[in-house]
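Have a look at my_file_10.csv below; it lists CSV, C-alpha atoms.
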chain,number,residue,atom,x,y,z
A,1,MET,CA,31.5,6.0,-26.1
A,2,SER,CA,33.9,8.1,-28.3
A,3,THR,CA,36.2,10.7,-26.8
A,4,ARG,CA,34.7,13.2,-29.3
A,5,MET,CA,31.2,12.8,-28.0
A,6,ILE,CA,32.3,13.1,-24.3
A,7,ALA,CA,34.3,16.2,-25.2
A,8,ALA,CA,31.4,17.7,-27.1
A,9,ALA,CA,29.1,17.1,-24.1
A,10,ALA,CA,31.7,18.7,-21.8
A,11,MET,CA,31.9,21.8,-24.0
A,12,LEU,CA,28.1,22.0,-24.1
A,13,MET,CA,27.9,22.0,-20.3
A,14,ALA,CA,30.8,24.4,-19.9
A,15,SER,CA,29.3,26.9,-22.3
A,16,ALA,CA,25.8,26.6,-21.0
A,17,GLY,CA,26.7,26.8,-17.3
A,18,PHE,CA,23.2,26.2,-16.0
A,19,PHE,CA,22.7,22.5,-16.0
A,20,SER,CA,21.2,21.0,-12.9
A,21,ALA,CA,21.6,17.4,-11.7
A,22,ASN,CA,18.6,15.2,-12.1
A,23,ALA,CA,18.5,13.0,-9.1
A,24,GLN,CA,16.9,10.1,-10.9
A,25,ASP,CA,19.8,8.5,-12.7
A,26,GLY,CA,22.7,11.0,-12.9
A,27,THR,CA,21.2,12.8,-15.9
A,28,LEU,CA,21.8,16.5,-16.5
A,29,ILE,CA,19.2,18.9,-17.9
A,30,GLY,CA,19.4,22.4,-19.3
A,31,PRO,CA,19.1,24.6,-22.4
A,32,GLN,CA,21.4,24.1,-25.4
A,33,ASP,CA,22.3,27.2,-27.3
A,34,SER,CA,22.3,25.9,-30.9
A,35,LEU,CA,19.7,28.1,-32.5
A,36,GLY,CA,21.4,31.5,-32.2
A,37,ASN,CA,18.8,34.3,-31.6
A,38,ALA,CA,16.0,32.0,-32.6
A,39,GLY,CA,16.0,30.2,-29.2
A,40,PHE,CA,17.4,27.2,-27.3
A,41,ASN,CA,16.8,23.5,-27.2
A,42,LEU,CA,15.9,21.8,-23.9
A,43,VAL,CA,18.2,18.8,-23.7
A,44,THR,CA,19.3,16.1,-21.3
A,45,VAL,CA,22.9,14.7,-21.0
A,46,GLN,CA,23.8,11.4,-19.5
A,47,SER,CA,26.7,12.2,-17.2
A,48,SER,CA,28.3,8.8,-17.6
A,49,THR,CA,28.2,8.6,-21.4
A,50,GLY,CA,27.7,12.2,-22.7
A,51,GLN,CA,24.6,11.1,-24.7
A,52,VAL,CA,22.6,14.3,-25.5
A,53,THR,CA,18.8,14.0,-26.0
A,54,ILE,CA,16.7,16.9,-27.2
A,55,LEU,CA,13.5,17.1,-25.3
A,56,ALA,CA,11.9,20.2,-27.0
A,57,PRO,CA,12.8,23.5,-28.6
A,58,GLU,CA,12.5,26.5,-26.3
A,59,THR,CA,11.5,29.2,-28.8
A,60,GLY,CA,11.3,32.9,-27.9
A,61,VAL,CA,14.4,32.6,-25.7
A,62,ALA,CA,17.3,35.0,-26.7
A,63,VAL,CA,19.3,35.1,-23.5
A,64,VAL,CA,19.4,32.6,-20.7
A,65,GLU,CA,20.3,34.1,-17.3
A,66,GLY,CA,22.3,32.3,-14.7
A,67,ASN,CA,19.3,31.2,-12.8
A,68,ALA,CA,18.1,27.6,-13.3
A,69,GLY,CA,17.1,24.7,-11.2
A,70,TYR,CA,15.6,21.2,-11.2
A,71,ASP,CA,12.6,20.4,-8.9
A,72,ASN,CA,13.0,16.7,-8.1
A,73,LEU,CA,9.6,16.5,-6.3
A,74,ASN,CA,7.6,17.6,-9.3
A,75,ASN,CA,10.2,16.6,-12.0
A,76,THR,CA,10.3,20.1,-13.5
A,77,TYR,CA,13.0,22.4,-14.7
A,78,SER,CA,12.9,26.2,-14.4
A,79,PHE,CA,15.2,28.9,-16.0
A,80,VAL,CA,15.2,32.7,-16.2
A,81,TYR,CA,15.5,34.1,-19.7
A,82,GLN,CA,15.1,37.3,-21.8
A,83,PRO,CA,13.3,37.2,-25.1
A,84,LYS,CA,15.5,40.0,-26.6
A,85,ILE,CA,19.2,39.8,-26.9
A,86,ASP,CA,19.8,43.5,-26.2
A,87,ASN,CA,18.2,43.2,-22.7
A,88,SER,CA,15.5,45.6,-23.6
A,89,GLY,CA,12.8,43.0,-23.1
A,90,PRO,CA,11.3,41.7,-19.9
A,91,ILE,CA,12.9,39.1,-17.7
A,92,ARG,CA,10.8,35.9,-17.6
A,93,LEU,CA,10.8,32.6,-15.7
A,94,ARG,CA,9.8,29.5,-17.6
A,95,THR,CA,9.0,26.1,-16.0
A,96,VAL,CA,8.9,23.0,-18.2
A,97,ASP,CA,8.2,19.3,-17.6
A,98,ALA,CA,11.6,17.6,-17.3
A,99,ALA,CA,10.4,14.5,-19.0
A,100,THR,CA,8.7,15.9,-22.1
A,101,GLY,CA,10.0,19.6,-22.3
A,102,LYS,CA,6.4,20.8,-22.3
A,103,THR,CA,6.1,24.4,-21.0
A,104,LEU,CA,4.1,24.4,-17.7
A,105,SER,CA,4.3,28.1,-16.9
A,106,ASP,CA,6.0,31.2,-18.3
A,107,ILE,CA,5.7,34.3,-16.1
A,108,GLN,CA,7.3,37.8,-16.1
A,109,LEU,CA,9.6,38.7,-13.3
A,110,SER,CA,10.5,42.3,-14.3
A,111,ALA,CA,9.6,44.7,-17.1
A,112,SER,CA,13.1,45.1,-18.5
A,113,GLY,CA,16.5,43.4,-18.3
A,114,SER,CA,18.3,46.7,-18.2
A,115,PHE,CA,16.7,48.0,-15.0
A,116,PRO,CA,16.1,46.5,-11.6
A,117,PRO,CA,14.8,44.5,-10.0
A,118,PHE,CA,17.3,41.8,-11.1
A,119,TYR,CA,17.2,38.2,-10.1
A,120,ASP,CA,20.3,36.2,-9.4
A,121,ASN,CA,20.8,32.7,-8.1
A,122,LEU,CA,17.2,31.6,-8.1
A,123,SER,CA,16.8,27.9,-7.2
A,124,PRO,CA,13.9,25.6,-6.4
A,125,LEU,CA,13.3,24.9,-2.8
A,126,ALA,CA,14.6,21.4,-2.0
A,127,PRO,CA,11.9,19.5,0.0
A,128,ASN,CA,12.8,17.0,2.7
A,129,LEU,CA,11.8,13.8,0.8
A,130,GLY,CA,12.0,11.7,3.9
A,131,ASN,CA,9.7,13.6,6.2
A,132,PHE,CA,6.3,14.2,4.6
A,133,LYS,CA,3.4,15.3,6.7
A,134,THR,CA,0.9,14.2,4.0
A,135,LEU,CA,1.6,12.0,1.0
A,136,SER,CA,-1.2,12.0,-1.6
A,137,THR,CA,-1.5,10.7,-5.1
A,138,THR,CA,-4.3,10.5,-7.6
A,139,GLY,CA,-2.8,7.5,-9.4
A,140,LEU,CA,-0.9,4.4,-8.5
A,141,ALA,CA,1.9,4.8,-5.9
A,142,THR,CA,4.6,2.1,-6.0
A,143,LEU,CA,6.6,2.0,-2.8
A,144,ASN,CA,9.5,-0.3,-2.1
A,145,SER,CA,8.6,-0.2,1.6
A,146,ALA,CA,6.4,1.8,3.9
A,147,SER,CA,6.4,2.3,7.6
A,148,VAL,CA,3.4,3.8,9.3
A,149,THR,CA,3.9,5.0,12.9
A,150,ASN,CA,0.3,5.8,13.7
A,151,ASP,CA,-3.0,4.8,12.0
A,152,LEU,CA,-3.4,3.7,8.4
A,153,SER,CA,-6.7,4.3,6.7
A,154,VAL,CA,-7.6,2.8,3.4
A,155,GLY,CA,-10.7,4.1,1.7
A,156,GLY,CA,-10.9,1.3,-0.9
A,157,GLY,CA,-9.7,-2.2,-1.1
A,158,ALA,CA,-6.2,-3.3,-0.1
A,159,THR,CA,-4.3,-6.2,-1.7
A,160,VAL,CA,-1.3,-7.6,0.2
A,161,GLY,CA,0.9,-9.8,-1.8
A,162,GLY,CA,3.0,-11.2,1.1
A,163,ALA,CA,2.4,-11.9,4.7
A,164,LEU,CA,0.4,-9.4,6.8
A,165,ASN,CA,1.8,-9.2,10.4
A,166,VAL,CA,-0.3,-7.5,13.0
A,167,THR,CA,1.1,-7.2,16.5
A,168,GLY,CA,-1.9,-5.5,18.1
A,169,LEU,CA,-5.6,-5.9,18.1
A,170,SER,CA,-7.3,-6.0,14.6
A,171,THR,CA,-10.9,-4.9,14.3
A,172,LEU,CA,-12.6,-6.1,11.1
A,173,SER,CA,-16.1,-4.7,11.1
A,174,GLY,CA,-17.0,-6.2,7.7
A,175,GLY,CA,-15.9,-9.7,8.6
A,176,VAL,CA,-13.1,-12.0,7.4
A,177,GLN,CA,-13.2,-14.0,4.2
A,178,THR,CA,-10.3,-16.4,3.8
A,179,THR,CA,-9.4,-19.9,2.6
A,180,THR,CA,-7.5,-20.7,5.9
A,181,LEU,CA,-7.7,-18.8,9.2
A,182,SER,CA,-5.0,-19.6,11.8
A,183,THR,CA,-3.9,-18.0,15.0
A,184,THR,CA,-1.2,-18.9,17.6
A,185,GLY,CA,-3.0,-17.0,20.3
A,186,LEU,CA,-6.6,-16.4,21.5
A,187,ALA,CA,-9.1,-15.6,18.7
A,188,THR,CA,-12.2,-13.8,20.0
A,189,LEU,CA,-15.1,-13.9,17.5
A,190,ASN,CA,-18.5,-12.4,17.8
A,191,SER,CA,-19.9,-15.2,15.7
A,192,ALA,CA,-18.4,-17.9,13.4
A,193,SER,CA,-20.0,-19.9,10.6
A,194,VAL,CA,-18.3,-23.0,9.4
A,195,THR,CA,-19.7,-24.5,6.2
A,196,ASN,CA,-17.7,-27.8,6.3
A,197,ASP,CA,-15.8,-29.5,9.1
A,198,LEU,CA,-14.6,-27.8,12.3
A,199,SER,CA,-11.5,-29.4,13.9
A,200,VAL,CA,-10.4,-28.3,17.4
A,201,GLY,CA,-7.0,-29.7,18.5
A,202,GLY,CA,-7.5,-28.8,22.2
A,203,GLY,CA,-10.5,-28.2,24.4
A,204,ALA,CA,-13.5,-26.3,23.4
A,205,THR,CA,-15.6,-24.2,25.8
A,206,VAL,CA,-19.1,-23.1,24.7
A,207,GLY,CA,-20.7,-20.4,26.8
A,208,GLY,CA,-24.1,-20.7,25.3
A,209,ALA,CA,-26.2,-23.4,23.7
A,210,LEU,CA,-24.6,-25.9,21.3
A,211,SER,CA,-27.0,-26.7,18.5
A,212,VAL,CA,-26.1,-29.6,16.3
A,213,THR,CA,-28.5,-30.6,13.4
A,214,GLY,CA,-26.6,-33.7,12.3
A,215,LEU,CA,-25.0,-36.7,13.9
A,216,SER,CA,-22.4,-36.0,16.6
A,217,THR,CA,-19.8,-38.6,17.3
A,218,LEU,CA,-18.2,-38.3,20.7
A,219,SER,CA,-15.4,-40.9,20.8
A,220,GLY,CA,-14.3,-40.0,24.4
A,221,GLY,CA,-17.8,-40.2,25.9
A,222,VAL,CA,-20.1,-37.5,27.4
A,223,GLN,CA,-19.9,-36.1,30.9
A,224,THR,CA,-22.5,-33.7,31.9
A,225,THR,CA,-24.9,-32.8,34.8
A,226,THR,CA,-28.0,-33.2,32.7
A,227,LEU,CA,-28.3,-34.9,29.4
A,228,ASN,CA,-31.4,-34.3,27.3
A,229,ALA,CA,-31.9,-36.0,24.0
A,230,ALA,CA,-35.1,-35.9,22.0
A,231,THR,CA,-34.3,-39.1,20.0
A,232,SER,CA,-31.2,-41.2,20.8
A,233,VAL,CA,-27.6,-41.1,22.0
A,234,THR,CA,-25.0,-43.5,20.8
A,235,THR,CA,-21.7,-43.3,22.7
A,236,PRO,CA,-19.2,-45.5,24.5
A,237,LEU,CA,-19.7,-43.7,27.8
A,238,ILE,CA,-22.4,-41.5,29.3
A,239,SER,CA,-21.7,-39.9,32.7
A,240,ALA,CA,-24.6,-37.8,33.9
A,241,THR,CA,-26.5,-37.0,37.1
A,242,THR,CA,-29.8,-36.9,35.2
A,243,GLY,CA,-30.4,-38.3,31.8
A,244,ASN,CA,-33.6,-37.8,29.8
A,245,ILE,CA,-33.2,-39.8,26.7
A,246,GLU,CA,-36.0,-40.9,24.4
A,247,THR,CA,-34.1,-44.0,23.2
A,248,VAL,CA,-30.9,-45.7,24.6
A,249,ASN,CA,-29.0,-48.2,22.6
A,250,VAL,CA,-26.8,-50.3,24.9
A,251,GLY,CA,-24.1,-52.4,23.1
A,252,THR,CA,-22.9,-54.4,26.1
A,253,ALA,CA,-24.1,-53.3,29.5
A,254,LEU,CA,-26.0,-50.4,31.2
A,255,ASN,CA,-24.4,-49.4,34.4
A,256,ALA,CA,-26.2,-47.3,36.9
A,257,ALA,CA,-24.9,-46.0,40.2
A,258,SER,CA,-26.4,-47.4,43.5
A,259,GLY,CA,-29.7,-45.8,44.3
A,260,SER,CA,-30.3,-44.7,40.7
A,261,THR,CA,-33.8,-45.0,39.2
A,262,ILE,CA,-34.3,-46.1,35.7
A,263,ASN,CA,-37.8,-45.5,34.3
A,264,ARG,CA,-38.5,-47.3,31.1
A,265,ALA,CA,-41.6,-48.0,29.1
A,266,LEU,CA,-42.2,-51.7,28.5
A,267,PRO,CA,-42.8,-52.9,24.9
A,268,SER,CA,-46.5,-53.3,24.2
A,269,PRO,CA,-46.4,-57.2,24.3
A,270,TRP,CA,-45.2,-56.9,27.9
A,271,LEU,CA,-48.0,-54.6,29.1
In C-alpha coordinates, what does this structure look like?
Amino acid sequence: MSTRMIAAAAMLMASAGFFSANAQDGTLIGPQDSLGNAGFNLVTVQSSTGQVTILAPETGVAVVEGNAGYDNLNNTYSFVYQPKIDNSGPIRLRTVDAATGKTLSDIQLSASGSFPPFYDNLSPLAPNLGNFKTLSTTGLATLNSASVTNDLSVGGGATVGGALNVTGLSTLSGGVQTTTLSTTGLATLNSASVTNDLSVGGGATVGGALSVTGLSTLSGGVQTTTLNAATSVTTPLISATTGNIETVNVGTALNAASGSTINRALPSPWL
(Lines of atoms letter the chains of each structure in order from A and count residues from 1; the text may use other names and numbers.)
(Lines give C-alpha, C1' and ligand atoms only; values in the text may rest on other atoms or scores of the structure.)
Protein backbone atom coordinates (compact mmCIF):
# COMPACT_ATOMS: atom_id res chain seq x y z
CA MET A 1 0.00 0.00 0.00
CA SER A 2 1.53 3.33 -1.03
CA THR A 3 2.01 6.19 1.41
CA ARG A 4 0.13 8.46 -1.01
CA MET A 5 -3.03 6.32 -0.92
CA ILE A 6 -2.99 6.14 2.88
CA ALA A 7 -2.47 9.89 3.11
CA ALA A 8 -5.32 10.51 0.65
CA ALA A 9 -7.62 8.32 2.70
CA ALA A 10 -6.62 10.14 5.87
CA MET A 11 -7.39 13.48 4.26
CA LEU A 12 -10.74 12.16 3.08
CA MET A 13 -11.72 11.10 6.59
CA ALA A 14 -10.42 14.30 8.14
CA SER A 15 -12.30 16.51 5.71
CA ALA A 16 -15.51 14.51 5.91
CA GLY A 17 -15.57 14.08 9.68
CA PHE A 18 -18.60 11.83 9.70
CA PHE A 19 -17.29 8.33 9.05
CA SER A 20 -18.60 5.62 11.39
CA ALA A 21 -16.83 2.37 12.10
CA ASN A 22 -18.38 -0.69 10.51
CA ALA A 23 -18.04 -3.45 13.11
CA GLN A 24 -17.77 -6.18 10.49
CA ASP A 25 -14.09 -5.94 9.51
CA GLY A 26 -12.66 -2.53 10.45
CA THR A 27 -14.26 -0.80 7.46
CA LEU A 28 -15.30 2.85 7.57
CA ILE A 29 -18.30 4.21 5.73
CA GLY A 30 -19.47 7.73 4.92
CA PRO A 31 -20.10 10.37 2.21
CA GLN A 32 -17.25 11.59 0.02
CA ASP A 33 -17.48 15.22 -1.10
CA SER A 34 -16.10 14.96 -4.62
CA LEU A 35 -19.01 16.26 -6.68
CA GLY A 36 -19.23 19.84 -5.37
CA ASN A 37 -22.79 21.11 -5.23
CA ALA A 38 -23.99 18.16 -7.30
CA GLY A 39 -23.85 15.74 -4.36
CA PHE A 40 -21.70 13.18 -2.61
CA ASN A 41 -20.52 9.64 -3.12
CA LEU A 42 -21.20 7.02 -0.46
CA VAL A 43 -17.87 5.23 0.02
CA THR A 44 -16.20 2.66 2.24
CA VAL A 45 -12.57 2.85 3.37
CA GLN A 46 -10.50 -0.05 4.62
CA SER A 47 -8.90 1.28 7.79
CA SER A 48 -5.87 -1.01 7.44
CA THR A 49 -5.05 -0.25 3.79
CA GLY A 50 -6.84 3.00 2.96
CA GLN A 51 -8.61 1.36 0.00
CA VAL A 52 -11.60 3.51 -1.04
CA THR A 53 -14.63 1.86 -2.66
CA ILE A 54 -17.52 3.90 -4.07
CA LEU A 55 -20.86 2.26 -3.24
CA ALA A 56 -23.28 4.73 -4.87
CA PRO A 57 -23.67 8.43 -5.69
CA GLU A 58 -25.79 10.38 -3.19
CA THR A 59 -27.43 12.93 -5.47
CA GLY A 60 -29.43 15.87 -4.19
CA VAL A 61 -27.08 16.34 -1.25
CA ALA A 62 -25.48 19.81 -1.00
CA VAL A 63 -24.44 19.95 2.65
CA VAL A 64 -23.87 17.02 5.00
CA GLU A 65 -24.47 17.86 8.64
CA GLY A 66 -22.45 16.42 11.52
CA ASN A 67 -25.00 13.73 12.25
CA ALA A 68 -24.25 10.26 10.91
CA GLY A 69 -24.21 6.75 12.23
CA TYR A 70 -23.91 3.09 11.31
CA ASP A 71 -26.56 0.58 12.46
CA ASN A 72 -24.74 -2.74 12.79
CA LEU A 73 -27.94 -4.67 13.45
CA ASN A 74 -29.53 -3.75 10.13
CA ASN A 75 -26.29 -2.89 8.28
CA THR A 76 -27.53 0.57 7.37
CA TYR A 77 -25.92 4.02 7.37
CA SER A 78 -27.84 7.24 8.10
CA PHE A 79 -26.79 10.86 7.68
CA VAL A 80 -28.41 14.30 7.97
CA TYR A 81 -28.10 16.60 4.99
CA GLN A 82 -29.45 19.73 3.29
CA PRO A 83 -30.35 19.78 -0.41
CA LYS A 84 -29.41 23.51 -0.73
CA ILE A 85 -25.99 24.91 0.04
CA ASP A 86 -27.37 28.21 1.41
CA ASN A 87 -29.31 26.42 4.20
CA SER A 88 -32.61 27.67 2.77
CA GLY A 89 -33.85 24.14 2.11
CA PRO A 90 -35.18 21.57 4.53
CA ILE A 91 -33.06 19.37 6.78
CA ARG A 92 -33.43 15.72 5.78
CA LEU A 93 -32.36 12.32 7.08
CA ARG A 94 -31.32 9.67 4.55
CA THR A 95 -30.79 5.99 5.40
CA VAL A 96 -28.98 3.73 2.93
CA ASP A 97 -28.00 0.09 2.70
CA ALA A 98 -24.37 -0.07 3.84
CA ALA A 99 -23.61 -2.94 1.47
CA THR A 100 -25.07 -1.52 -1.76
CA GLY A 101 -25.63 2.20 -1.08
CA LYS A 102 -29.29 1.88 -2.04
CA THR A 103 -31.50 4.51 -0.39
CA LEU A 104 -33.91 2.89 2.04
CA SER A 105 -35.60 6.04 3.36
CA ASP A 106 -35.30 9.80 3.01
CA ILE A 107 -37.39 11.84 5.45
CA GLN A 108 -37.66 15.53 6.32
CA LEU A 109 -36.66 16.57 9.84
CA SER A 110 -37.35 20.32 9.60
CA ALA A 111 -38.61 22.78 7.00
CA SER A 112 -35.48 24.96 6.88
CA GLY A 113 -31.85 24.71 7.83
CA SER A 114 -31.88 28.35 8.92
CA PHE A 115 -34.53 28.04 11.61
CA PRO A 116 -35.05 25.60 14.48
CA PRO A 117 -35.54 22.89 15.24
CA PHE A 118 -31.95 21.82 14.60
CA TYR A 119 -30.55 18.34 15.03
CA ASP A 120 -27.09 17.71 16.44
CA ASN A 121 -25.33 14.47 17.35
CA LEU A 122 -27.98 12.08 16.09
CA SER A 123 -26.78 8.47 16.31
CA PRO A 124 -28.40 5.04 15.86
CA LEU A 125 -29.34 3.27 19.05
CA ALA A 126 -26.83 0.46 19.66
CA PRO A 127 -28.68 -2.78 20.48
CA ASN A 128 -27.34 -5.31 22.96
CA LEU A 129 -26.36 -7.97 20.44
CA GLY A 130 -25.79 -10.57 23.15
CA ASN A 131 -29.18 -10.36 24.87
CA PHE A 132 -32.01 -10.84 22.38
CA LYS A 133 -35.48 -11.59 23.68
CA THR A 134 -36.56 -12.85 20.27
CA LEU A 135 -34.37 -13.76 17.30
CA SER A 136 -36.17 -14.28 14.01
CA THR A 137 -35.07 -14.62 10.40
CA THR A 138 -36.90 -15.27 7.16
CA GLY A 139 -33.84 -16.88 5.55
CA LEU A 140 -30.95 -19.05 6.59
CA ALA A 141 -29.29 -18.20 9.92
CA THR A 142 -25.71 -19.47 10.27
CA LEU A 143 -24.59 -19.55 13.90
CA ASN A 144 -21.15 -20.55 15.15
CA SER A 145 -22.76 -21.83 18.34
CA ALA A 146 -26.11 -21.48 20.11
CA SER A 147 -27.13 -22.03 23.72
CA VAL A 148 -30.82 -22.35 24.59
CA THR A 149 -31.64 -22.07 28.29
CA ASN A 150 -35.32 -23.00 28.02
CA ASP A 151 -37.33 -24.74 25.30
CA LEU A 152 -36.32 -25.00 21.64
CA SER A 153 -39.15 -25.35 19.15
CA VAL A 154 -38.46 -26.19 15.50
CA GLY A 155 -41.45 -25.89 13.15
CA GLY A 156 -39.81 -27.75 10.27
CA GLY A 157 -37.05 -30.32 9.98
CA ALA A 158 -33.76 -30.11 11.87
CA THR A 159 -30.45 -31.43 10.57
CA VAL A 160 -27.65 -31.98 13.07
CA GLY A 161 -24.24 -32.50 11.49
CA GLY A 162 -22.48 -33.57 14.69
CA ALA A 163 -23.45 -35.38 17.86
CA LEU A 164 -26.74 -34.54 19.58
CA ASN A 165 -26.35 -34.73 23.35
CA VAL A 166 -29.53 -34.67 25.43
CA THR A 167 -29.19 -34.82 29.22
CA GLY A 168 -32.91 -34.87 30.01
CA LEU A 169 -35.95 -36.77 28.78
CA SER A 170 -36.57 -36.68 25.04
CA THR A 171 -40.13 -37.14 23.81
CA LEU A 172 -40.35 -38.01 20.12
CA SER A 173 -44.03 -38.20 19.21
CA GLY A 174 -43.36 -39.01 15.55
CA GLY A 175 -41.02 -41.91 16.25
CA VAL A 176 -37.32 -42.41 15.64
CA GLN A 177 -35.79 -43.44 12.34
CA THR A 178 -32.09 -44.18 12.51
CA THR A 179 -29.45 -46.60 11.25
CA THR A 180 -28.15 -47.40 14.75
CA LEU A 181 -29.85 -46.66 18.06
CA SER A 182 -27.76 -46.98 21.20
CA THR A 183 -28.19 -45.90 24.80
CA THR A 184 -26.06 -46.29 27.92
CA GLY A 185 -29.07 -46.05 30.23
CA LEU A 186 -32.66 -47.23 30.29
CA ALA A 187 -34.64 -46.85 27.08
CA THR A 188 -38.42 -46.90 27.55
CA LEU A 189 -40.26 -47.52 24.29
CA ASN A 190 -44.01 -47.67 23.80
CA SER A 191 -43.42 -50.13 20.97
CA ALA A 192 -40.48 -51.30 18.90
CA SER A 193 -40.31 -52.99 15.53
CA VAL A 194 -37.10 -54.73 14.47
CA THR A 195 -36.91 -55.79 10.82
CA ASN A 196 -33.73 -57.88 11.10
CA ASP A 197 -31.89 -59.33 14.11
CA LEU A 198 -32.32 -58.19 17.71
CA SER A 199 -29.33 -58.70 19.98
CA VAL A 200 -29.58 -58.22 23.75
CA GLY A 201 -26.27 -58.34 25.64
CA GLY A 202 -27.87 -58.71 29.08
CA GLY A 203 -31.19 -59.99 30.35
CA ALA A 204 -34.50 -59.20 28.72
CA THR A 205 -37.76 -58.87 30.62
CA VAL A 206 -41.00 -59.06 28.63
CA GLY A 207 -44.07 -57.88 30.52
CA GLY A 208 -46.61 -59.13 27.98
CA ALA A 209 -46.82 -61.98 25.52
CA LEU A 210 -43.77 -62.84 23.44
CA SER A 211 -44.85 -63.86 19.95
CA VAL A 212 -42.26 -65.47 17.71
CA THR A 213 -43.26 -66.52 14.19
CA GLY A 214 -39.97 -68.17 13.24
CA LEU A 215 -37.58 -70.62 14.86
CA SER A 216 -36.27 -69.65 18.31
CA THR A 217 -32.90 -71.06 19.34
CA LEU A 218 -32.39 -71.00 23.11
CA SER A 219 -28.83 -72.21 23.74
CA GLY A 220 -29.05 -71.87 27.52
CA GLY A 221 -32.32 -73.79 27.88
CA VAL A 222 -35.83 -72.79 28.91
CA GLN A 223 -37.01 -72.33 32.50
CA THR A 224 -40.67 -71.54 32.99
CA THR A 225 -43.70 -72.42 35.10
CA THR A 226 -45.80 -73.58 32.15
CA LEU A 227 -44.55 -74.35 28.69
CA ASN A 228 -47.08 -74.56 25.88
CA ALA A 229 -45.98 -75.39 22.36
CA ALA A 230 -48.37 -76.07 19.50
CA THR A 231 -45.77 -78.00 17.49
CA SER A 232 -42.32 -78.88 18.85
CA VAL A 233 -39.56 -77.57 21.08
CA THR A 234 -35.89 -78.38 20.46
CA THR A 235 -33.55 -77.26 23.25
CA PRO A 236 -30.76 -78.72 25.40
CA LEU A 237 -32.77 -78.15 28.60
CA ILE A 238 -36.40 -77.67 29.55
CA SER A 239 -37.28 -76.90 33.17
CA ALA A 240 -41.00 -76.52 33.70
CA THR A 241 -43.65 -77.42 36.28
CA THR A 242 -46.12 -78.12 33.48
CA GLY A 243 -45.25 -78.75 29.88
CA ASN A 244 -47.84 -79.07 27.14
CA ILE A 245 -45.95 -79.93 24.01
CA GLU A 246 -47.32 -81.48 20.88
CA THR A 247 -43.99 -83.06 19.92
CA VAL A 248 -40.84 -83.61 21.99
CA ASN A 249 -37.55 -84.52 20.31
CA VAL A 250 -35.16 -86.05 22.86
CA GLY A 251 -31.56 -86.37 21.69
CA THR A 252 -30.21 -88.36 24.65
CA ALA A 253 -32.49 -88.76 27.67
CA LEU A 254 -35.78 -87.44 28.99
CA ASN A 255 -35.52 -86.77 32.72
CA ALA A 256 -38.65 -86.31 34.79
CA ALA A 257 -38.82 -85.51 38.46
CA SER A 258 -40.10 -88.11 40.91
CA GLY A 259 -43.87 -88.20 40.87
CA SER A 260 -44.11 -86.62 37.41
CA THR A 261 -46.69 -87.89 34.97
CA ILE A 262 -45.92 -88.16 31.30
CA ASN A 263 -48.86 -88.72 29.03
CA ARG A 264 -47.96 -89.77 25.55
CA ALA A 265 -49.91 -91.16 22.67
CA LEU A 266 -48.56 -94.49 21.37
CA PRO A 267 -47.82 -94.85 17.68
CA SER A 268 -50.61 -96.54 15.76
CA PRO A 269 -48.80 -99.94 15.41
CA TRP A 270 -48.66 -100.14 19.23
CA LEU A 271 -52.35 -99.47 19.79
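The gap separating CA of Gly208 (chain A) from CA of Ala257 (chain A) is 29.4 Å, in Å to one decimal.
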Open item on the list: When you count only C-alpha atoms, which of these residues is closest to Pro117 (chain A): A:Ile91, A:Asp97, A:Thr137, A:Gly161?
Closed with: A:Ile91
Open item on the list: I'd like the interatomic distance between CA of Gly50 (chain A) and CA of Tyr70 (chain A), to a tenth of an Å.
Closed with: 19.0 Å
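As for CA of Thr159 (chain A) and CA of Leu143 (chain A), they are spaced 13.7 Å apart.
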Task: Residues near Phe79 (chain A), cut-off 8 Å, only C-alpha atoms, skip fewer than 3 positions along chain, as a list in words - done: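 In the requested form, the answer reads Val64, Glu65, Gly66, Asn67, Ala68, Gly69, Leu93, Arg94 and Thr95 of chain A.
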Task: Neighbour list for region 98-100 of chain A as a PyMOL selection string, cut-off 8 Å, all atoms listed in the file, skip fewer than 4 positions in-chain - done: chain A and resi 29+55-56+75-77
